[in-house]
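K.L.:
The structure that follows is given in the form of C-alpha cells.
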Amino acid sequence: MSKPILIVGGGPAGLAAAHSLATFGQSCIVVEKEDRLGGAPILEGYAKLVPSGEWAKDAIGGMVDRASGHELVDVRTSTSVTSFSGEAGDFTAGLSDGEPVNVSAAILCTGFTHFDSANKPEWGFGTYPDVVTTTQVEQMVSSGQGVRCPSDGRKPKRVAILLCVGSRDRQIGREWCSKICCTVSANMAMEIREELPDCHVYIYYMDIRTFGLYETKYYWKSQEEFKVKYIKARIAEVTSDGEKLIVKGEDTLVKRPITIPFDMVIHAIGMDPNVDNPDLSSIFGVDLEPHGYIDKASSYSASGLTNKSGVFVAGAATGPETIDDSIAQGKAAAMAVLEQRQLAARLVS
Amino acid sequence: MPIHEKSLIRPENLQVHENLEVEGVDVSGHWSTFIESRVVSDYNEAIEDEISALPGGENIHRCWQCGSCTNACTVHAINADFNPRYWIYLIRMGMESELLRDKDIIWQCVSCNKCTYACPRDVFPEGVMKATAHWLELKGHTPKSHSTIFDEIFSEQVIETGKIEDGRTIRRFFKQTGQALRQPWLEEMVKRMLRNLPIGMLTRMGMANFIQPKTSGWSGARDAIKEYVAEQEAHHRAALGLDDLVKMAETELKTGAAK
Ligand SMILES: Cc1cc2nc3c(=O)[nH]c(=O)nc-3n(C[C@H](O)[C@H](O)[C@H](O)COP(=O)(O)OP(=O)(O)OC[C@H]3O[C@@H](n4cnc5c(N)ncnc54)[C@H](O)[C@@H]3O)c2cc1C
Ligand code: SF4
Ligand code: SF4
Ligand code: SF4
C-alpha cells in the first residue's frame, strides 16, 4: 500500500480532495487546526449558500460526513504541521500532536482569513454595534434569530450593504476582488427583504461582479423581485447622530453628497490571504504570489501544482474562490496526485 | 444642458446677504456669498412606490441606470434636459425637489417608445414618463396637460357611446384648452375631406354631429368600463395618499372655522 497523502485544511477544498483520494483507494491524513472540519462555511456559521440555496450546515456538513466517515481518511483536528522535509514521494511531516508521519505528497487546502473590518475604522465597525459584517448577518440568519440590530434587538427599517470592504483598496494594501461578496450580498439583501418586507435595502457599490449565471439569479432577481436598490458610491464614512447610523458619501449619479440615516450597516467583507501563509510558505517551501496567497504553477499540464514538487494547492488558499470552485480545485489536485502516483508506479515497474 | 455639463452650483443656491452681521462685523454684500448645502440628507421611499402604482410605472425598480433610454430618446435629441434615465433615478431615490425642477418638461414625451425598445431591463421608460406626468398632475405640481385633457374627452366619449366622433372631440378639446376652432391646418383638412371623400360618408359624418350614434347594446359594456375606471382611480388615489390629504385639508378647514 502506498504512503498516505497529507491534506492540510479541512474546508470544502480539503474535504473534496480527501473524499476523491479515498474513493480511488488512496489513504490520506487531514490535518485541521480548528476543532472541527468544514472550513469557513461551518466555522463561521454561514446560512444558505450561493448558488445552491442549500444551508451550509447541510451541504458542507454532508461533505464532512462523507470524508470523515471513510476508512481511508485519517482526520486530525486541533492539529497543525510543524515541519516538512524530504522529497516528492517521501516526505516526513512533523505534527503538533507529536508523532511525525511519512507521506508521499501534500495538498495545501488552508483557505483564507476573513478581512477584519476594524482595519477600516472610518466605516464604523467596532465603534457602533449596528455596523456588522456579512458573516455576522449569516450567523443571524443561520441561527434562526433573524436580522436584528445588535444594539437593541429591533428590526431594521433601512439597511445599507457596503461592498468591497477589505477588497480593491490600495489604502490597505488589498488590490484583489474577493469575487463572491457581490453575489453573497445580493443574496443577503433578498433574505432581508424576505424576512422583513418593510425594510429597505440599499447596496453601495463600485462595480457589481455577479459574474456568469449569478447575474440573473442574484443581481437581476434582487432588483426585479425584491426591489433592492443599488447606488454607485464608495462610502466615505459611517457615523452616528446618537439614534441612527449616518452613511456619508457621494452619489456619483447625481453628483451630490449624501448623508443618509440607516438602522444597520453591513460590511461585505473580503477574503484575505490566510494569516498562516508566511509560516506555511517556510514550512512547505512554497512561494507566495504578490498578494500573499499561495502561488500556483502553470495549470496546463496538471492542476494545483506549486513551485515545489510533490506539494499541491487548492481552493481559497490560492486566492479568493467560491465554494464550488474550491471543491473543483480540491478534486483536481487529488487527480494530479493520482496521476503522479500512476506515473511513479509505471517508472518503477 | 446635457447632464454632465450641469453646474453643481445653481444661481438659486447662492445666498447673498444685504444685511449680515457676524460677531459685530458687517459682512453684507456679494463678497460674502454663501452656497446652500447640496447634501441629500434622506431618501424618500414613497415616491417610487407611488409612481410604480400608476399605469406604466410598474417596472421602474428594475432600472440600472445604463442610459440606453436617454440615448435613444426622440425628445432628448432636441432638448438635452429631457432625460428619462435621470428622472427614473430621482424617483427611485426619492429626490423630489430635484425631480420637480423638471416638472414642466417631463410631459413632453411623445410616446415614440424608442426607449422601450432600447431598454435592456424592460423598465418600459415610456410608461414611466407617462406615470410620472400623471403623478405630477395628481399631486397638483402641474396643471392637466393638453394630452391628458384630450385623453379624457376621447375616452369619456368612447365610454359613453361606444363610438368616437372626431368633430365633437376636436371641438371640445379646443374649447377646454382655450384654443380657437379656426386653425389653418384644420380648415385645410376639412377642405380636402370635402373634396375627396365620397358623399355618403360625408353625410354620415355630418349627421353624427347632431344625432350622437351609439353602439347598440353598449350600456352593459359602458357600466363595466366605468366601474373598472372608478376602481383604478380609487386605487391610484389611495396609492398616492390623496384622499388622506383631502381629509386633512377638510379637518383643518373645520377646526379653522370652529376657532
Ligand atoms: C461572508 C462570506 C460568505 C460566503 N458565502 C459563500 C457562498 O454562499 N457560496 C460560495 O461559493 N462561497 C462563499 N464564500 C466563499 C467560501 O467561504 C470559500 O469559497 C470557501 O470557504 C473556500 O474553501 P477552502 O476549503 O478553500 O477554504 P476554507 O473554507 O477557508 O477552509 C480552510 C480550512 O483550513 C484550515 N486551516 C487554515 N490554516 C491551517 C493551518 N495552518 N493548518 C491546519 N489547518 C488550517 C482552516 O481552519 C479551515 O478549516 C463566502 C465567503 C464569505 C467571506
Ligand atoms: S465581488 Fe463585488 S464586493 Fe466583492 S470585492 Fe469584488 S466587486 Fe467588491
Ligand atoms: S417614448 Fe418618450 S421617453 Fe421614450 S424615447 Fe420616446 S420621447 Fe423619449
Ligand atoms: S434603458 Fe432601461 S435600464 Fe437603462 S437607464 Fe433607461 S430605463 Fe434604466
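For the C-alpha cells, the naming scheme is as follows: chains receive sequential letters (A, B, ...) according to their order of presentation, residues are indexed from 1 within each chain, and ligands are indexed from 1 in presentation order.
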Could you report the residues within 7 Å of ligand 1, using only C-alpha atoms and all ligand atoms, as a CSV table (one decimal) with N, CA, C and O atoms, in the first residue's frame?

P.N.:
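Saved file selection-v1.csv follows:
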chain,number,residue,atom,x,y,z
A,8,VAL,N,-3.7,19.5,4.2
A,8,VAL,CA,-3.7,20.5,5.3
A,8,VAL,C,-4.9,21.4,5.1
A,8,VAL,O,-5.0,22.1,4.1
A,9,GLY,N,-5.8,21.3,6.1
A,9,GLY,CA,-7.0,22.2,6.0
A,9,GLY,C,-8.3,21.3,5.6
A,9,GLY,O,-8.3,20.6,4.6
A,10,GLY,N,-9.3,21.4,6.5
A,10,GLY,CA,-10.5,20.6,6.3
A,10,GLY,C,-11.7,21.4,5.9
A,10,GLY,O,-12.8,21.1,6.3
A,11,GLY,N,-11.5,22.4,5.0
A,11,GLY,CA,-12.6,23.1,4.4
A,11,GLY,C,-13.1,22.4,3.2
A,11,GLY,O,-12.8,21.3,2.9
A,12,PRO,N,-14.0,23.1,2.4
A,12,PRO,CA,-14.5,22.5,1.2
A,12,PRO,C,-13.5,21.9,0.3
A,12,PRO,O,-13.6,20.7,-0.2
A,13,ALA,N,-12.4,22.6,0.1
A,13,ALA,CA,-11.3,22.1,-0.8
A,13,ALA,C,-10.7,20.8,-0.3
A,13,ALA,O,-10.6,19.8,-1.0
A,14,GLY,N,-10.3,20.8,1.0
A,14,GLY,CA,-9.6,19.7,1.6
A,14,GLY,C,-10.6,18.5,1.7
A,14,GLY,O,-10.1,17.3,1.5
A,31,VAL,N,-5.2,17.2,8.2
A,31,VAL,CA,-4.8,18.0,9.4
A,31,VAL,C,-5.5,19.3,9.4
A,31,VAL,O,-5.4,20.1,8.5
A,32,GLU,N,-6.3,19.5,10.5
A,32,GLU,CA,-7.1,20.7,10.6
A,32,GLU,C,-6.8,21.4,11.9
A,32,GLU,O,-6.8,20.8,12.9
A,33,LYS,N,-6.5,22.7,11.8
A,33,LYS,CA,-6.1,23.4,13.1
A,33,LYS,C,-7.2,23.7,14.0
A,33,LYS,O,-7.0,23.8,15.2
A,34,GLU,N,-8.4,23.8,13.5
A,34,GLU,CA,-9.6,24.1,14.4
A,34,GLU,C,-10.1,22.7,14.9
A,34,GLU,O,-9.7,21.7,14.5
A,37,LEU,N,-14.1,20.1,11.4
A,37,LEU,CA,-14.0,20.2,9.9
A,37,LEU,C,-15.0,21.1,9.3
A,37,LEU,O,-16.0,21.4,10.0
A,38,GLY,N,-14.8,21.4,8.1
A,38,GLY,CA,-15.9,22.2,7.4
A,38,GLY,C,-15.4,23.5,6.8
A,38,GLY,O,-16.1,24.1,6.0
A,39,GLY,N,-14.3,24.1,7.4
A,39,GLY,CA,-13.8,25.3,6.9
A,39,GLY,C,-14.7,26.5,7.2
A,39,GLY,O,-15.6,26.4,8.0
A,40,ALA,N,-14.5,27.6,6.4
A,40,ALA,CA,-15.3,28.8,6.7
A,40,ALA,C,-16.8,28.7,6.8
A,40,ALA,O,-17.4,29.2,7.7
A,41,PRO,N,-17.4,27.9,5.9
A,41,PRO,CA,-18.9,27.9,5.9
A,41,PRO,C,-19.4,27.3,7.2
A,41,PRO,O,-20.5,27.7,7.7
A,46,TYR,N,-22.2,30.1,8.2
A,46,TYR,CA,-22.9,30.7,7.0
A,46,TYR,C,-24.3,30.1,7.0
A,46,TYR,O,-24.6,29.0,7.5
A,48,LYS,N,-27.6,30.2,4.0
A,48,LYS,CA,-27.8,29.5,2.8
A,48,LYS,C,-26.7,29.9,1.8
A,48,LYS,O,-26.4,31.0,1.6
A,49,LEU,N,-26.2,28.9,1.1
A,49,LEU,CA,-25.0,29.1,0.2
A,49,LEU,C,-25.5,29.6,-1.1
A,49,LEU,O,-26.6,29.2,-1.6
A,50,VAL,N,-24.7,30.4,-1.8
A,50,VAL,CA,-24.9,30.6,-3.2
A,50,VAL,C,-24.0,29.7,-4.0
A,50,VAL,O,-22.9,29.4,-3.5
A,51,PRO,N,-24.4,29.2,-5.1
A,51,PRO,CA,-25.7,29.4,-5.8
A,51,PRO,C,-26.7,28.3,-5.5
A,51,PRO,O,-27.8,28.4,-6.0
A,79,THR,N,-4.9,20.3,15.1
A,79,THR,CA,-3.6,19.9,14.9
A,79,THR,C,-3.0,20.8,13.7
A,79,THR,O,-3.7,21.2,12.9
A,80,SER,N,-1.7,21.0,13.8
A,80,SER,CA,-1.1,21.7,12.6
A,80,SER,C,0.3,21.0,12.3
A,80,SER,O,0.8,20.3,13.1
A,81,VAL,N,0.8,21.4,11.1
A,81,VAL,CA,2.0,20.8,10.6
A,81,VAL,C,3.2,21.7,11.1
A,81,VAL,O,3.1,22.9,10.9
A,109,CYS,N,-4.8,23.0,1.6
A,109,CYS,CA,-6.2,23.5,1.4
A,109,CYS,C,-6.5,24.4,2.5
A,109,CYS,O,-7.5,24.3,3.2
A,110,THR,N,-5.6,25.3,2.8
A,110,THR,CA,-5.6,26.1,4.0
A,110,THR,C,-6.5,27.4,3.9
A,110,THR,O,-6.5,28.1,4.9
A,111,GLY,N,-7.1,27.6,2.8
A,111,GLY,CA,-8.1,28.6,2.7
A,111,GLY,C,-7.7,30.1,2.9
A,111,GLY,O,-6.5,30.4,2.7
A,112,PHE,N,-8.6,30.8,3.4
A,112,PHE,CA,-8.4,32.3,3.6
A,112,PHE,C,-8.7,32.7,5.0
A,112,PHE,O,-9.1,31.9,5.8
A,113,THR,N,-8.4,34.0,5.3
A,113,THR,CA,-8.8,34.6,6.5
A,113,THR,C,-9.8,35.7,6.2
A,113,THR,O,-9.6,36.5,5.3
A,114,HIS,N,-10.9,35.8,7.0
A,114,HIS,CA,-11.8,36.9,6.8
A,114,HIS,C,-11.2,38.2,7.1
A,114,HIS,O,-10.5,38.4,8.0
A,134,THR,N,-20.8,40.7,6.9
A,134,THR,CA,-21.7,39.7,6.3
A,134,THR,C,-21.7,38.4,7.1
A,134,THR,O,-22.7,37.7,7.1
A,135,THR,N,-20.5,38.1,7.7
A,135,THR,CA,-20.5,36.8,8.4
A,135,THR,C,-21.4,36.9,9.6
A,135,THR,O,-22.1,36.0,10.0
A,138,GLU,N,-24.8,36.4,8.3
A,138,GLU,CA,-25.0,35.0,8.0
A,138,GLU,C,-25.4,34.2,9.3
A,138,GLU,O,-26.3,33.4,9.3
A,180,ILE,N,-16.8,36.8,-4.5
A,180,ILE,CA,-18.1,36.2,-4.2
A,180,ILE,C,-19.0,37.2,-3.4
A,180,ILE,O,-20.2,37.0,-3.3
A,181,CYS,N,-18.4,38.3,-2.9
A,181,CYS,CA,-19.1,39.1,-2.0
A,181,CYS,C,-20.3,39.9,-2.6
A,181,CYS,O,-21.3,40.2,-2.0
A,184,VAL,N,-23.0,37.2,-2.7
A,184,VAL,CA,-23.4,36.9,-1.3
A,184,VAL,C,-24.3,38.1,-0.8
A,184,VAL,O,-25.3,37.9,-0.2
A,268,ALA,N,-19.6,44.1,3.5
A,268,ALA,CA,-19.4,42.9,2.7
A,268,ALA,C,-17.9,42.6,2.7
A,268,ALA,O,-17.1,43.1,1.8
A,269,ILE,N,-17.4,41.8,3.7
A,269,ILE,CA,-16.0,41.7,3.9
A,269,ILE,C,-15.4,40.7,2.9
A,269,ILE,O,-16.0,39.8,2.5
A,270,GLY,N,-14.1,41.0,2.6
A,270,GLY,CA,-13.4,40.2,1.6
A,270,GLY,C,-12.6,39.0,2.2
A,270,GLY,O,-12.7,38.7,3.4
A,271,MET,N,-11.9,38.4,1.3
A,271,MET,CA,-11.2,37.2,1.6
A,271,MET,C,-9.7,37.5,1.6
A,271,MET,O,-9.1,37.6,0.5
A,274,ASN,N,-4.7,33.7,3.9
A,274,ASN,CA,-4.6,33.1,5.2
A,274,ASN,C,-3.5,33.7,6.0
A,274,ASN,O,-2.4,33.8,5.5
A,276,ASP,N,-1.7,32.5,8.1
A,276,ASP,CA,-0.7,31.5,8.3
A,276,ASP,C,0.2,31.3,7.1
A,276,ASP,O,1.2,30.6,7.1
A,280,LEU,N,3.3,28.8,6.4
A,280,LEU,CA,3.1,27.6,5.5
A,280,LEU,C,4.2,27.7,4.4
A,280,LEU,O,4.7,26.6,4.0
A,314,ALA,N,-5.0,24.0,-3.4
A,314,ALA,CA,-6.4,24.0,-3.9
A,314,ALA,C,-7.2,25.0,-3.1
A,314,ALA,O,-7.0,25.1,-1.9
A,315,GLY,N,-8.2,25.5,-3.7
A,315,GLY,CA,-9.2,26.4,-3.0
A,315,GLY,C,-8.8,27.8,-2.7
A,315,GLY,O,-7.9,28.3,-3.4
A,316,ALA,N,-9.4,28.4,-1.7
A,316,ALA,CA,-9.1,29.8,-1.4
A,316,ALA,C,-7.7,30.1,-0.9
A,316,ALA,O,-7.4,31.2,-0.7
A,317,ALA,N,-6.9,29.0,-0.7
A,317,ALA,CA,-5.5,29.2,-0.4
A,317,ALA,C,-4.8,29.9,-1.6
A,317,ALA,O,-3.8,30.6,-1.4
A,320,PRO,N,-9.0,34.5,-3.8
A,320,PRO,CA,-10.4,34.4,-3.5
A,320,PRO,C,-11.1,33.4,-4.4
A,320,PRO,O,-10.9,33.4,-5.6
A,321,GLU,N,-11.8,32.4,-3.8
A,321,GLU,CA,-12.5,31.4,-4.6
A,321,GLU,C,-13.9,31.2,-4.1
A,321,GLU,O,-14.1,31.3,-2.9
A,322,THR,N,-14.8,30.7,-4.9
A,322,THR,CA,-16.1,30.3,-4.4
A,322,THR,C,-16.0,28.8,-3.9
A,322,THR,O,-15.0,28.1,-4.1
A,323,ILE,N,-17.0,28.4,-3.2
A,323,ILE,CA,-17.0,27.0,-2.7
A,323,ILE,C,-17.0,26.0,-3.8
A,323,ILE,O,-16.2,25.1,-3.8
A,324,ASP,N,-17.8,26.3,-4.8
A,324,ASP,CA,-17.9,25.3,-6.0
A,324,ASP,C,-16.5,25.2,-6.6
A,324,ASP,O,-16.1,24.1,-6.9
A,326,SER,N,-13.6,25.9,-5.2
A,326,SER,CA,-12.7,25.3,-4.2
A,326,SER,C,-12.8,23.8,-4.3
A,326,SER,O,-11.8,23.1,-4.2

K.L.:
Residues of chain A no more than 6 Å from chain B, counting only C-alpha atoms: send them over as a PDB file with N, CA and C atoms, in the first residue's frame.

P.N.:
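Saved the output as part20.pdb:
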ATOM      1  N   GLN A 223     -33.097  42.947  -7.761  1.00  0.00           N
ATOM      2  CA  GLN A 223     -33.725  44.204  -8.168  1.00  0.00           C
ATOM      3  C   GLN A 223     -35.172  43.995  -8.575  1.00  0.00           C
ATOM      4  N   GLU A 224     -35.383  42.982  -9.433  1.00  0.00           N
ATOM      5  CA  GLU A 224     -36.687  42.850 -10.061  1.00  0.00           C
ATOM      6  C   GLU A 224     -37.730  42.281  -9.120  1.00  0.00           C
ATOM      7  N   LYS A 227     -36.766  44.429  -5.181  1.00  0.00           N
ATOM      8  CA  LYS A 227     -36.654  45.889  -5.151  1.00  0.00           C
ATOM      9  C   LYS A 227     -35.489  46.390  -4.299  1.00  0.00           C
ATOM     10  N   PRO A 257     -23.404  65.117  -2.567  1.00  0.00           N
ATOM     11  CA  PRO A 257     -23.047  64.435  -1.315  1.00  0.00           C
ATOM     12  C   PRO A 257     -24.304  63.840  -0.690  1.00  0.00           C
ATOM     13  N   ILE A 258     -24.152  62.715   0.008  1.00  0.00           N
ATOM     14  CA  ILE A 258     -25.288  62.123   0.701  1.00  0.00           C
ATOM     15  C   ILE A 258     -24.915  61.906   2.167  1.00  0.00           C
ATOM     16  N   THR A 259     -25.853  62.141   3.039  1.00  0.00           N
ATOM     17  CA  THR A 259     -25.702  61.748   4.455  1.00  0.00           C
ATOM     18  C   THR A 259     -27.034  61.129   4.828  1.00  0.00           C
ATOM     19  N   ILE A 260     -27.114  59.823   4.733  1.00  0.00           N
ATOM     20  CA  ILE A 260     -28.400  59.138   4.848  1.00  0.00           C
ATOM     21  C   ILE A 260     -28.461  58.348   6.163  1.00  0.00           C
TER      22      ILE A 260
END

K.L.:
Skip segment 77-85 of chain B itself and residues of its chain fewer than 6 positions away, then list as a list in words all residues within 8 Å of it, counting only C-alpha atoms.

P.N.:
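Using only C-alpha atoms, the neighbours found are Met1, Pro2, Ile3, Gln65, Cys66, Gly67, Cys69, Thr70, Ile105, Ile106, Pro125 and Met129 of chain B.
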
K.L.:
Could you pull out the residues in segment 234-320 of chain A that DSSP calls strand (DSSP E or B) from the backbone, as a ChimeraX atom specification?

P.N.:
/A:237-240,245-251,256-262,264-269,271-273,288,294,305,311-313

K.L.:
Give the residues close to ligand 2, within 7 Å, counting only C-alpha atoms and all ligand atoms; write them as a VMD selection string.

P.N.:
chain A and resid 163 to 164 167 to 168 176 to 183 206 to 209 268 270

K.L.:
Please produce an output containing C-alpha atoms for each residue in the selection, written as a PDB file, in the first residue's frame.

P.N.:
ATOM      1  CA  LEU A 163     -19.426  46.286  -0.938  1.00  0.00           C
ATOM      2  CA  CYS A 164     -15.683  45.738  -1.304  1.00  0.00           C
ATOM      3  CA  SER A 167     -11.077  44.352  -1.173  1.00  0.00           C
ATOM      4  CA  ARG A 168      -9.991  46.531  -4.079  1.00  0.00           C
ATOM      5  CA  TRP A 176      -7.864  41.912  -5.282  1.00  0.00           C
ATOM      6  CA  CYS A 177     -11.572  41.418  -5.858  1.00  0.00           C
ATOM      7  CA  SER A 178     -12.914  38.844  -3.407  1.00  0.00           C
ATOM      8  CA  LYS A 179     -15.146  37.516  -6.147  1.00  0.00           C
ATOM      9  CA  ILE A 180     -18.106  36.193  -4.190  1.00  0.00           C
ATOM     10  CA  CYS A 181     -19.140  39.113  -1.954  1.00  0.00           C
ATOM     11  CA  CYS A 182     -21.271  40.864  -4.595  1.00  0.00           C
ATOM     12  CA  THR A 183     -23.289  37.686  -5.052  1.00  0.00           C
ATOM     13  CA  MET A 206     -18.159  50.481  -7.205  1.00  0.00           C
ATOM     14  CA  ASP A 207     -18.855  47.677  -9.687  1.00  0.00           C
ATOM     15  CA  ILE A 208     -21.260  44.781  -9.491  1.00  0.00           C
ATOM     16  CA  ARG A 209     -19.490  41.497 -10.105  1.00  0.00           C
ATOM     17  CA  ALA A 268     -19.373  42.856   2.702  1.00  0.00           C
ATOM     18  CA  GLY A 270     -13.421  40.196   1.622  1.00  0.00           C
TER      19      GLY A 270
END

K.L.:
Just list as a list of chain:residue names whatever in segment 23-131 of chain A DSSP marks as helix (DSSP H, G or I).

P.N.:
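Selecting the helix (DSSP H, G or I) positions of segment 23-131 of chain A gives A:Thr23, A:Gly39, A:Ala40, A:Pro41, A:Ile42, A:Leu43, A:Ala56, A:Lys57, A:Asp58, A:Ala59, A:Ile60, A:Gly61, A:Gly62, A:Met63, A:Val64, A:Asp65, A:Arg66, A:Ala67, A:Ser68, A:Ser117, A:Ala118, A:Asn119, A:Pro121, A:Glu122, A:Trp123.
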
K.L.:
Just write the chosen residues, C-alpha atoms, as a PDB file, in the first residue's frame.

P.N.:
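Below is the file part.pdb, written as the result:
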ATOM      1  CA  THR A  23     -12.634   6.806  -3.341  1.00  0.00           C
ATOM      2  CA  GLY A  39     -13.823  25.325   6.875  1.00  0.00           C
ATOM      3  CA  ALA A  40     -15.253  28.837   6.721  1.00  0.00           C
ATOM      4  CA  PRO A  41     -18.882  27.875   5.936  1.00  0.00           C
ATOM      5  CA  ILE A  42     -19.103  25.738   9.102  1.00  0.00           C
ATOM      6  CA  LEU A  43     -16.698  27.581  11.393  1.00  0.00           C
ATOM      7  CA  ALA A  56     -24.231  25.445   4.779  1.00  0.00           C
ATOM      8  CA  LYS A  57     -24.651  23.014   7.677  1.00  0.00           C
ATOM      9  CA  ASP A  58     -26.389  20.541   5.364  1.00  0.00           C
ATOM     10  CA  ALA A  59     -24.294  20.999   2.224  1.00  0.00           C
ATOM     11  CA  ILE A  60     -20.839  21.252   3.810  1.00  0.00           C
ATOM     12  CA  GLY A  61     -21.908  19.118   6.767  1.00  0.00           C
ATOM     13  CA  GLY A  62     -22.606  16.378   4.229  1.00  0.00           C
ATOM     14  CA  MET A  63     -19.098  16.742   2.836  1.00  0.00           C
ATOM     15  CA  VAL A  64     -17.667  16.453   6.344  1.00  0.00           C
ATOM     16  CA  ASP A  65     -19.601  13.229   6.949  1.00  0.00           C
ATOM     17  CA  ARG A  66     -18.646  11.699   3.617  1.00  0.00           C
ATOM     18  CA  ALA A  67     -14.932  12.424   4.055  1.00  0.00           C
ATOM     19  CA  SER A  68     -14.504  11.726   7.751  1.00  0.00           C
ATOM     20  CA  SER A 117     -13.302  45.354   9.436  1.00  0.00           C
ATOM     21  CA  ALA A 118     -11.518  47.080  12.300  1.00  0.00           C
ATOM     22  CA  ASN A 119      -8.887  47.869   9.668  1.00  0.00           C
ATOM     23  CA  PRO A 121     -12.257  52.367  11.149  1.00  0.00           C
ATOM     24  CA  GLU A 122     -13.957  55.089   9.076  1.00  0.00           C
ATOM     25  CA  TRP A 123     -16.775  52.648   8.346  1.00  0.00           C
TER      26      TRP A 123
END

K.L.:
Just want the residues within 6 Å of ligand 3, written as a PyMOL selection string, counting only C-alpha atoms and all ligand atoms.

P.N.:
chain B and resi 72-75+84+109-115+125-126

K.L.:
Take the selection from the previous step and output its residues with all heavy atoms, as a CSV table (one decimal), in the first residue's frame.

P.N.:
chain,number,residue,atom,x,y,z
B,72,ALA,N,-31.6,56.9,-26.7
B,72,ALA,CA,-32.5,56.6,-27.8
B,72,ALA,C,-33.6,57.6,-28.0
B,72,ALA,O,-34.2,57.7,-29.0
B,72,ALA,CB,-33.2,55.2,-27.6
B,73,CYS,N,-33.7,58.5,-27.0
B,73,CYS,CA,-34.9,59.3,-26.9
B,73,CYS,C,-35.0,60.4,-27.9
B,73,CYS,O,-34.1,61.2,-28.2
B,73,CYS,CB,-35.0,59.9,-25.5
B,73,CYS,SG,-36.4,61.0,-25.3
B,74,THR,N,-36.2,60.4,-28.6
B,74,THR,CA,-36.5,61.5,-29.6
B,74,THR,C,-36.4,62.9,-29.0
B,74,THR,O,-35.9,63.8,-29.6
B,74,THR,CB,-38.0,61.2,-30.1
B,74,THR,OG1,-38.1,59.9,-30.5
B,74,THR,CG2,-38.3,62.1,-31.2
B,75,VAL,N,-37.0,63.1,-27.8
B,75,VAL,CA,-37.1,64.4,-27.3
B,75,VAL,C,-35.7,64.8,-26.8
B,75,VAL,O,-35.3,66.0,-26.9
B,75,VAL,CB,-38.2,64.5,-26.2
B,75,VAL,CG1,-38.2,65.9,-25.6
B,75,VAL,CG2,-39.5,64.1,-26.7
B,84,PRO,N,-34.9,60.8,-19.4
B,84,PRO,CA,-35.6,59.8,-18.7
B,84,PRO,C,-34.8,59.0,-17.6
B,84,PRO,O,-35.2,58.7,-16.5
B,84,PRO,CB,-36.1,58.8,-19.8
B,84,PRO,CG,-36.0,59.5,-21.0
B,84,PRO,CD,-35.0,60.6,-20.8
B,109,CYS,N,-42.7,64.0,-23.4
B,109,CYS,CA,-42.5,62.6,-24.0
B,109,CYS,C,-43.6,62.4,-25.1
B,109,CYS,O,-44.7,62.7,-24.9
B,109,CYS,CB,-42.7,61.6,-23.0
B,109,CYS,SG,-42.9,59.9,-23.6
B,110,VAL,N,-43.1,62.0,-26.3
B,110,VAL,CA,-44.0,61.9,-27.4
B,110,VAL,C,-44.5,60.4,-27.6
B,110,VAL,O,-45.0,60.1,-28.6
B,110,VAL,CB,-43.4,62.4,-28.8
B,110,VAL,CG1,-43.2,63.9,-28.7
B,110,VAL,CG2,-42.1,61.7,-29.1
B,111,SER,N,-44.2,59.6,-26.6
B,111,SER,CA,-44.6,58.2,-26.7
B,111,SER,C,-44.2,57.5,-27.9
B,111,SER,O,-44.9,56.6,-28.4
B,111,SER,CB,-46.1,58.1,-26.6
B,111,SER,OG,-46.5,58.5,-25.3
B,112,CYS,N,-43.0,57.8,-28.4
B,112,CYS,CA,-42.5,57.1,-29.6
B,112,CYS,C,-42.0,55.7,-29.3
B,112,CYS,O,-41.8,54.8,-30.1
B,112,CYS,CB,-41.4,57.8,-30.3
B,112,CYS,SG,-39.9,58.0,-29.2
B,113,ASN,N,-41.8,55.4,-28.0
B,113,ASN,CA,-41.3,54.1,-27.5
B,113,ASN,C,-40.0,53.7,-28.0
B,113,ASN,O,-39.6,52.5,-27.9
B,113,ASN,CB,-42.4,53.0,-27.8
B,113,ASN,CG,-43.5,53.0,-26.7
B,113,ASN,OD1,-43.2,52.8,-25.6
B,113,ASN,ND2,-44.7,53.2,-27.1
B,114,LYS,N,-39.2,54.6,-28.5
B,114,LYS,CA,-37.8,54.2,-28.8
B,114,LYS,C,-37.1,53.7,-27.6
B,114,LYS,O,-36.3,52.7,-27.7
B,114,LYS,CB,-37.1,55.4,-29.5
B,114,LYS,CG,-37.4,55.6,-30.9
B,114,LYS,CD,-37.0,56.9,-31.4
B,114,LYS,CE,-35.6,56.9,-32.1
B,114,LYS,NZ,-35.3,58.2,-32.7
B,115,CYS,N,-37.3,54.3,-26.5
B,115,CYS,CA,-36.7,53.9,-25.2
B,115,CYS,C,-37.1,52.5,-24.8
B,115,CYS,O,-36.3,51.7,-24.4
B,115,CYS,CB,-37.1,54.8,-24.1
B,115,CYS,SG,-38.9,55.1,-24.0
B,125,PRO,N,-39.6,52.7,-20.1
B,125,PRO,CA,-39.4,54.1,-19.7
B,125,PRO,C,-40.5,55.0,-20.2
B,125,PRO,O,-40.9,55.9,-19.5
B,125,PRO,CB,-38.1,54.5,-20.3
B,125,PRO,CG,-37.4,53.2,-20.7
B,125,PRO,CD,-38.4,52.2,-20.8
B,126,GLU,N,-41.1,54.6,-21.3
B,126,GLU,CA,-42.2,55.4,-21.9
B,126,GLU,C,-43.3,55.4,-20.9
B,126,GLU,O,-43.9,56.5,-20.6
B,126,GLU,CB,-42.6,54.9,-23.2
B,126,GLU,CG,-43.7,55.8,-23.9
B,126,GLU,CD,-45.1,55.4,-23.6
B,126,GLU,OE1,-45.4,54.3,-23.1
B,126,GLU,OE2,-46.0,56.2,-24.0

K.L.:
Name the residues in contact with segment 164-169 of chain B at a cut-off of 7 Å, using only C-alpha atoms, excluding same-chain residues fewer than 6 positions from it; report them as a ChimeraX atom specification.

P.N.:
/B:153-154,157-158,209

K.L.:
Pick from B:Leu138, B:Leu14, B:Met205, B:Val128: nearest to ligand 4, with only C-alpha atoms and all ligand atoms counted?

P.N.:
B:Val128

K.L.:
Skip Phe312 of chain A itself and residues of its chain fewer than 4 positions away, then list as a PyMOL selection string all residues within 8 Å of it, counting only C-alpha atoms.

P.N.:
chain A and resi 105-108+304-306+308+333

K.L.:
Residues at most 12 Å from Lys221 of chain A, counting only C-alpha atoms, excluding those fewer than 3 positions away in the same chain, as a VMD selection string?

P.N.:
(chain A and resid 183 186 to 187 189 to 191 210 213 to 218 224 to 229) or (chain B and resid 61 to 62 121)

K.L.:
Could you tell me which of B:Pro120, B:Ile51, B:Gly94, B:Ser7 comes closest to ligand 4 if we count only C-alpha atoms and all ligand atoms?

P.N.:
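Among B:Pro120, B:Ile51, B:Gly94, B:Ser7, it is B:Pro120 that comes nearest to ligand 4.
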